[in-house]
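Shown below: protein_35.txt, with compact mmCIF, C-alpha atoms.
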# COMPACT_ATOMS: atom_id res chain seq x y z
CA MET A 144 -17.59 -20.91 -5.34
CA GLU A 145 -17.62 -17.35 -6.75
CA ASN A 146 -13.85 -17.53 -7.18
CA ARG A 147 -12.74 -19.36 -10.33
CA VAL A 148 -9.71 -21.00 -8.70
CA GLY A 149 -11.68 -21.96 -5.60
CA LEU A 150 -14.48 -23.38 -7.73
CA ASN A 151 -12.07 -25.53 -9.71
CA LEU A 152 -10.42 -26.84 -6.54
CA LEU A 153 -13.75 -27.73 -4.93
CA TYR A 154 -14.94 -29.36 -8.13
CA ALA A 155 -11.78 -31.47 -8.55
CA GLN A 156 -11.86 -32.58 -4.91
CA THR A 157 -15.56 -33.49 -5.06
CA VAL A 158 -15.15 -35.50 -8.26
CA SER A 159 -12.23 -37.36 -6.68
CA ASP A 160 -14.17 -38.08 -3.47
CA ILE A 161 -17.12 -39.45 -5.46
CA GLU A 162 -14.87 -41.65 -7.62
CA ARG A 163 -13.20 -43.03 -4.47
CA GLY A 164 -16.59 -43.78 -2.94
CA TRP A 165 -15.96 -41.36 -0.06
CA ILE A 166 -19.16 -39.44 -0.85
CA LEU A 167 -22.19 -41.74 -0.79
CA VAL A 168 -24.19 -41.53 -4.03
CA THR A 169 -27.28 -43.40 -5.22
CA LYS A 170 -27.66 -44.49 -8.85
CA GLU A 171 -30.09 -41.66 -9.59
CA GLN A 172 -27.84 -39.07 -7.97
CA HIS A 173 -24.87 -40.44 -9.91
CA ARG A 174 -26.85 -40.06 -13.13
CA GLN A 175 -27.68 -36.44 -12.32
CA LEU A 176 -24.06 -35.68 -11.42
CA LYS A 177 -22.84 -37.28 -14.65
CA SER A 178 -25.25 -35.14 -16.67
CA LEU A 179 -24.05 -31.93 -14.97
CA GLN A 180 -20.44 -33.00 -15.47
CA GLU A 181 -21.01 -33.47 -19.20
CA LYS A 182 -22.50 -29.96 -19.37
CA VAL A 183 -19.49 -28.62 -17.42
CA SER A 184 -21.95 -27.07 -14.94
CA LYS A 185 -19.53 -26.96 -12.03
CA LYS A 186 -21.61 -24.81 -9.67
CA GLU A 187 -24.75 -26.91 -10.17
CA PHE A 188 -22.63 -30.05 -9.77
CA LEU A 189 -21.29 -28.80 -6.43
CA ARG A 190 -24.70 -27.64 -5.20
CA LEU A 191 -26.05 -31.15 -5.76
CA ALA A 192 -22.94 -32.76 -4.27
CA GLN A 193 -23.32 -30.66 -1.12
CA THR A 194 -26.63 -32.40 -0.41
CA LEU A 195 -25.02 -35.85 -0.51
CA ARG A 196 -24.04 -37.95 2.48
CA HIS A 197 -20.42 -37.42 3.59
CA TYR A 198 -19.79 -34.38 1.41
CA GLY A 199 -16.90 -32.45 2.96
CA TYR A 200 -16.07 -35.21 5.46
CA LEU A 201 -12.48 -36.12 6.33
CA ARG A 202 -11.99 -39.83 5.79
CA PHE A 203 -9.43 -41.86 7.75
CA ASP A 204 -7.64 -45.11 6.99
CA ALA A 205 -9.33 -48.40 7.89
CA CYS A 206 -8.98 -49.21 11.58
CA VAL A 207 -10.60 -51.19 14.41
CA ALA A 208 -13.33 -50.29 16.92
CA ASP A 209 -15.07 -52.06 19.79
CA PHE A 210 -18.53 -51.08 18.51
CA PRO A 211 -20.89 -52.75 17.76
CA GLU A 212 -18.60 -55.64 18.69
CA LYS A 213 -14.99 -56.08 19.77
CA ASP A 214 -12.25 -55.87 17.10
CA CYS A 215 -14.71 -54.71 14.45
CA PRO A 216 -13.04 -53.39 11.24
CA VAL A 217 -14.37 -49.90 10.48
CA VAL A 218 -13.72 -46.85 8.34
CA VAL A 219 -14.07 -43.58 10.24
CA SER A 220 -15.12 -40.27 8.68
CA ALA A 221 -15.46 -36.91 10.44
CA GLY A 222 -17.72 -34.06 9.42
CA ASN A 223 -21.05 -32.31 9.94
CA SER A 224 -20.66 -32.48 13.75
CA GLU A 225 -20.39 -36.26 13.83
CA LEU A 226 -18.08 -39.27 13.59
CA SER A 227 -19.28 -41.85 11.09
CA LEU A 228 -18.24 -45.50 11.37
CA GLN A 229 -18.75 -47.67 8.29
CA LEU A 230 -18.53 -51.40 8.87
CA ARG A 231 -19.40 -54.68 7.24
CA LEU A 232 -20.56 -57.38 9.64
CA PRO A 233 -20.21 -61.05 8.57
CA GLY A 234 -22.89 -61.93 6.04
CA GLN A 235 -24.30 -58.40 5.93
CA GLN A 236 -24.09 -55.42 3.63
CA LEU A 237 -22.18 -52.26 4.45
CA ARG A 238 -23.60 -50.56 7.54
CA GLU A 239 -23.03 -47.11 9.02
CA GLY A 240 -23.20 -45.81 12.55
CA SER A 241 -23.16 -42.08 13.30
CA PHE A 242 -21.97 -40.60 16.58
CA ARG A 243 -23.01 -36.97 17.04
CA VAL A 244 -20.50 -34.69 18.75
CA THR A 245 -23.24 -33.20 20.94
CA ARG A 246 -23.80 -36.60 22.56
CA MET A 247 -20.13 -37.18 23.42
CA ARG A 248 -19.64 -36.40 27.09
CA CYS A 249 -15.85 -36.44 26.79
CA TRP A 250 -13.06 -38.14 24.89
CA ARG A 251 -9.38 -38.95 25.26
CA VAL A 252 -6.43 -40.29 23.29
CA THR A 253 -4.19 -42.90 24.89
CA SER A 254 -1.01 -44.60 23.69
CA SER A 255 0.60 -47.85 24.71
CA VAL A 256 3.57 -49.93 23.66
CA PRO A 257 3.12 -53.73 23.79
CA LEU A 258 5.68 -55.58 25.87
CA PRO A 259 8.21 -57.71 24.02
CA SER A 260 7.88 -61.47 24.18
CA GLY A 261 10.30 -61.61 27.12
CA GLY A 262 7.90 -59.57 29.25
CA THR A 263 10.36 -56.78 30.06
CA SER A 264 9.38 -53.17 29.66
CA SER A 265 12.72 -51.95 28.24
CA PRO A 266 12.20 -50.73 24.68
CA GLY A 267 15.40 -52.19 23.28
CA PRO A 268 17.35 -50.93 20.30
CA GLY A 269 15.22 -52.71 17.72
CA ARG A 270 11.85 -51.31 18.74
CA GLY A 271 10.23 -49.26 16.00
CA ARG A 272 7.90 -46.32 16.32
CA GLY A 273 5.23 -48.20 14.37
CA GLU A 274 4.55 -50.48 17.34
CA VAL A 275 2.96 -47.70 19.41
CA ARG A 276 -0.78 -48.32 19.77
CA LEU A 277 -3.01 -45.23 19.70
CA GLU A 278 -6.64 -45.23 20.81
CA LEU A 279 -9.39 -42.63 20.70
CA ALA A 280 -12.08 -43.33 23.29
CA PHE A 281 -15.24 -41.26 23.74
CA GLU A 282 -18.11 -41.57 26.21
CA TYR A 283 -21.36 -41.52 24.25
CA LEU A 284 -24.93 -40.94 25.40
CA MET A 285 -26.63 -43.99 23.89
CA SER A 286 -29.98 -43.29 25.57
CA LYS A 287 -31.42 -40.97 28.21
CA ASP A 288 -29.81 -42.80 31.12
CA ARG A 289 -27.01 -44.82 29.51
CA LEU A 290 -23.49 -43.69 28.67
CA GLN A 291 -21.10 -46.06 26.94
CA TRP A 292 -17.42 -45.85 26.03
CA VAL A 293 -16.58 -46.45 22.37
CA THR A 294 -12.92 -47.04 21.51
CA ILE A 295 -11.29 -46.65 18.09
CA THR A 296 -7.78 -48.06 17.62
CA SER A 297 -5.99 -46.17 14.87
CA PRO A 298 -2.58 -44.59 14.12
CA GLN A 299 -4.64 -41.48 13.23
CA ALA A 300 -6.33 -41.23 16.66
CA ILE A 301 -4.70 -37.86 17.38
CA MET A 302 -6.01 -36.40 14.13
CA MET A 303 -9.49 -37.72 14.96
CA SER A 304 -9.28 -35.96 18.33
CA ILE A 305 -8.27 -32.71 16.62
CA CYS A 306 -11.29 -33.02 14.30
CA LEU A 307 -13.59 -33.54 17.29
CA GLN A 308 -12.19 -30.44 19.00
CA SER A 309 -12.59 -28.38 15.81
CA MET A 310 -16.24 -29.44 15.47
CA VAL A 311 -16.91 -28.60 19.14
CA ASP A 312 -15.28 -25.18 18.71
CA GLU A 313 -17.48 -24.46 15.68
CA LEU A 314 -20.63 -25.51 17.56
CA MET A 315 -19.73 -23.24 20.47
CA VAL A 316 -19.10 -20.30 18.16
CA LYS A 317 -22.52 -20.85 16.56
CA LYS A 318 -24.20 -21.07 19.98
CA SER A 319 -22.62 -17.76 21.02
CA GLY A 320 -23.66 -16.06 17.77
CA GLY A 321 -20.09 -15.71 16.52
CA SER A 322 -18.71 -15.97 13.00
CA ILE A 323 -17.32 -19.30 11.77
CA ARG A 324 -15.33 -17.56 9.02
CA LYS A 325 -13.72 -15.21 11.53
CA MET A 326 -12.88 -18.15 13.78
CA LEU A 327 -11.29 -20.05 10.89
CA ARG A 328 -9.20 -17.02 9.91
CA ARG A 329 -7.96 -16.69 13.49
CA ARG A 330 -7.25 -20.42 13.63
CA VAL A 331 -5.13 -20.21 10.46
CA ALA A 332 -3.32 -17.17 11.89
CA GLY A 333 -2.64 -19.11 15.08
CA THR A 334 -4.41 -16.63 17.37
CA LEU A 335 -7.47 -18.69 18.32
CA ARG A 336 -7.67 -19.74 21.96
CA ARG A 337 -10.06 -22.27 23.45
CA SER A 338 -11.69 -19.46 25.46
CA ASP A 339 -12.57 -17.59 22.25
CA SER A 340 -15.04 -20.26 21.21
CA GLN A 341 -16.60 -20.35 24.67
CA GLN A 342 -16.57 -16.66 25.63
CA ALA A 343 -20.38 -16.30 25.53
CA VAL A 344 -21.01 -19.57 27.37
CA LYS A 345 -21.17 -19.58 31.15
CA SER A 346 -19.03 -22.09 32.98
CA PRO A 347 -21.02 -25.35 33.00
CA PRO A 348 -21.78 -27.26 36.17
CA LEU A 349 -19.80 -30.34 37.05
CA LEU A 350 -21.20 -33.76 36.35
CA GLU A 351 -20.45 -36.30 39.05
CA SER A 352 -18.39 -39.22 37.86
CA PRO A 353 -19.68 -42.76 38.49
CA ASP A 354 -16.17 -43.85 39.43
CA ALA A 355 -14.55 -42.26 42.47
CA SER A 356 -11.13 -42.60 40.84
CA ARG A 357 -12.16 -40.40 37.93
CA GLU A 358 -12.32 -36.62 37.97
CA SER A 359 -15.56 -34.77 37.31
CA ILE A 360 -16.10 -33.82 33.67
CA VAL A 361 -17.57 -30.47 32.64
CA LYS A 362 -20.75 -30.40 30.57
CA LEU A 363 -22.79 -27.71 28.84
CA SER A 364 -26.43 -28.57 29.37
CA SER A 365 -28.25 -28.80 32.68
CA LYS A 366 -30.67 -31.29 31.11
CA LEU A 367 -28.53 -34.17 32.37
CA SER A 368 -29.20 -33.36 36.01
CA ALA A 369 -31.71 -36.22 36.04
CA VAL A 370 -29.43 -38.71 34.29
CA SER A 371 -28.14 -41.56 36.41
CA LEU A 372 -24.51 -42.38 35.72
CA ARG A 373 -24.18 -45.32 38.07
CA GLY A 374 -22.54 -48.45 36.81
CA ILE A 375 -20.99 -46.83 33.75
CA GLY A 376 -17.59 -48.29 32.98
CA SER A 377 -14.49 -46.64 31.58
CA PRO A 378 -11.91 -47.81 29.03
CA SER A 379 -9.46 -50.39 30.24
CA THR A 380 -6.56 -48.00 29.70
CA ASP A 381 -6.04 -45.62 32.62
CA ALA A 382 -5.52 -41.94 31.89
CA SER A 383 -5.06 -38.88 34.03
CA ALA A 384 -7.70 -36.18 34.20
CA SER A 385 -5.56 -33.90 32.04
CA ASP A 386 -5.82 -36.44 29.19
CA VAL A 387 -9.62 -36.22 29.11
CA HIS A 388 -11.25 -33.61 26.86
CA GLY A 389 -14.49 -32.32 28.42
CA ASN A 390 -17.05 -31.47 25.73
CA PHE A 391 -18.69 -28.05 26.16
CA ALA A 392 -21.13 -28.91 23.35
CA PHE A 393 -22.46 -31.98 25.16
CA GLU A 394 -26.28 -32.01 25.24
CA GLY A 395 -28.72 -34.12 27.19
CA ILE A 396 -31.33 -36.10 25.29
CA GLY A 397 -34.46 -38.02 26.02
CA ASP A 398 -35.59 -41.36 24.63
CA GLU A 399 -37.91 -39.50 22.27
CA ASP A 400 -34.83 -37.99 20.56
CA LEU A 401 -33.35 -41.39 19.64

Rendering of file as structure tokens:
Amino acid sequence: MENRVGLNLLYAQTVSDIERGWILVTKEQHRQLKSLQEKVSKKEFLRLAQTLRHYGYLRFDACVADFPEKDCPVVVSAGNSELSLQLRLPGQQLREGSFRVTRMRCWRVTSSVPLPSGGTSSPGPGRGRGEVRLELAFEYLMSKDRLQWVTITSPQAIMMSICLQSMVDELMVKKSGGSIRKMLRRRVAGTLRRSDSQQAVKSPPLLESPDASRESIVKLSSKLSAVSLRGIGSPSTDASASDVHGNFAFEGIGDEDL
């Protein structure tokens, strides 16, 4: 914000996000922002905007999730160490559900191609790339002893997964006392490795999987040693262990944290 060009870019982006409704603003906040805009007080405008819900979030196209119910239309946003799902249930106003990255035990992206009407698996010359179905599924700690898979079906599932990994890397750098700016510069330069964000974190213990067919997933906190994982299901789409992203920033919680 101390750089004139950077300030103008941030200001233009923030104004655009507010006009699109991507940043959530109350009537009073909108009035204050309008007043600062009329005074051309760009820094004060941005300082206020930074306190608003969804400032700096990356917003994805409308898609479908299986939470809170199957085939629920949602709009996903990523930022501030969380995935936000905005939805409108029948007869209700717009609702929002937030899934914190630190409560995601693991996640994976899967792809599938629906079979043609004849039931054969051959792709055929007329099959387009747009028919590939991408899903992001993450296992979320809903309560102290209950994990649940949440699945988002979106052509942008891979980008969502990249955002999750970026947020986890930033959390791990903070936990190890590292510099976020230095990490971002190394990421832009293409020299950042996964181990760099975890260098000060000891290898976490393995968490036993409730399903014998699934591999153990690594976790960060030992708080979950008392958590029972029995009877927890997995997404209907099978995936190999290499497709599952273990979350080093996963934290155990108690009911009092909910």

Figure out the distance between CA of Leu327 (chain A) and CA of Ser309 (chain A), please, to one decimal in Å.
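Computing it gives 9.8 Å between the two atoms.
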
Give me the residues near Gly199 (chain A) as a list in words, where near means some atom within 10 Å (using all atoms listed in the file) and where sequence neighbours in that chain fewer than 4 positions away do not count.
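Surrounding residues, per the criterion: Leu153, Gln156, Thr157, Asp160, Trp165, Ile166, Ala192, Gln193, Leu195, Ser220, Ala221, Gly222 and Asn223 of chain A.
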
Residues from the last selection, C-alpha atoms, saved as a PDB file, in the frame of the given file:
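Final output, saved to result02.pdb:
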ATOM      1  CA  LEU A 153     -13.750 -27.730  -4.930  1.00  0.00           C
ATOM      2  CA  GLN A 156     -11.860 -32.580  -4.910  1.00  0.00           C
ATOM      3  CA  THR A 157     -15.560 -33.490  -5.060  1.00  0.00           C
ATOM      4  CA  ASP A 160     -14.170 -38.080  -3.470  1.00  0.00           C
ATOM      5  CA  TRP A 165     -15.960 -41.360  -0.060  1.00  0.00           C
ATOM      6  CA  ILE A 166     -19.160 -39.440  -0.850  1.00  0.00           C
ATOM      7  CA  ALA A 192     -22.940 -32.760  -4.270  1.00  0.00           C
ATOM      8  CA  GLN A 193     -23.320 -30.660  -1.120  1.00  0.00           C
ATOM      9  CA  LEU A 195     -25.020 -35.850  -0.510  1.00  0.00           C
ATOM     10  CA  SER A 220     -15.120 -40.270   8.680  1.00  0.00           C
ATOM     11  CA  ALA A 221     -15.460 -36.910  10.440  1.00  0.00           C
ATOM     12  CA  GLY A 222     -17.720 -34.060   9.420  1.00  0.00           C
ATOM     13  CA  ASN A 223     -21.050 -32.310   9.940  1.00  0.00           C
TER      14      ASN A 223
END

In Å, how far is it from CA of Val316 (chain A) to CA of Leu279 (chain A)?
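Spanning CA of Val316 (chain A) to CA of Leu279 (chain A) is a straight-line distance of 24.5 Å.
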
Around region 319-331 of chain A, with edges along x, y and z and 8 Å added on all six sides, what centre and edge lengths do you get, in Å to one decimal, as lines of an AutoDock Vina configuration file?
center_x = -14.4
center_y = -17.8
center_z = 15.0
size_x = 34.5
size_y = 21.2
size_z = 28.0

Non-local contacts of Phe210 (chain A) (8 Å; all atoms listed in the file; under 5 positions in same chain excluded) as a PyMOL selection string:
chain A and resi 215+293-294

Tell me which of A:Gly234, A:Cys249, A:Phe188, A:Gly240 sits closest to Val218 (chain A), counting only C-alpha atoms.
A:Gly240

I'd like the interatomic distance between CA of Glu239 (chain A) and CA of Lys213 (chain A), to a tenth of an Å.
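Interatomic distance, CA of Glu239 (chain A) to CA of Lys213 (chain A): 16.1 Å.
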
For Lys186 (chain A), find every residue with an atom within 10 Å (counting all atoms listed in the file), except residues of its own chain fewer than 3 positions away, and show them as a PyMOL selection string.
chain A and resi 144-145+150-151+153-154+179+183+189-192

Selection as a count of residues only: residues within 6 Å of (-14.8, -20.4, 16.9), counting only C-alpha atoms
6

Of A:Asn146, A:Ser159, A:Thr169, A:Gln291, the one sitting nearest Pro211 (chain A) when using all atoms listed in the file is A:Gln291

So, with all atoms listed in the file as the atoms that count, which of A:Lys182, A:Gly164, A:Thr194, A:Thr296 lies closest to Pro216 (chain A)?
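Counting all atoms listed in the file, the residue closest to Pro216 (chain A) is A:Thr296.
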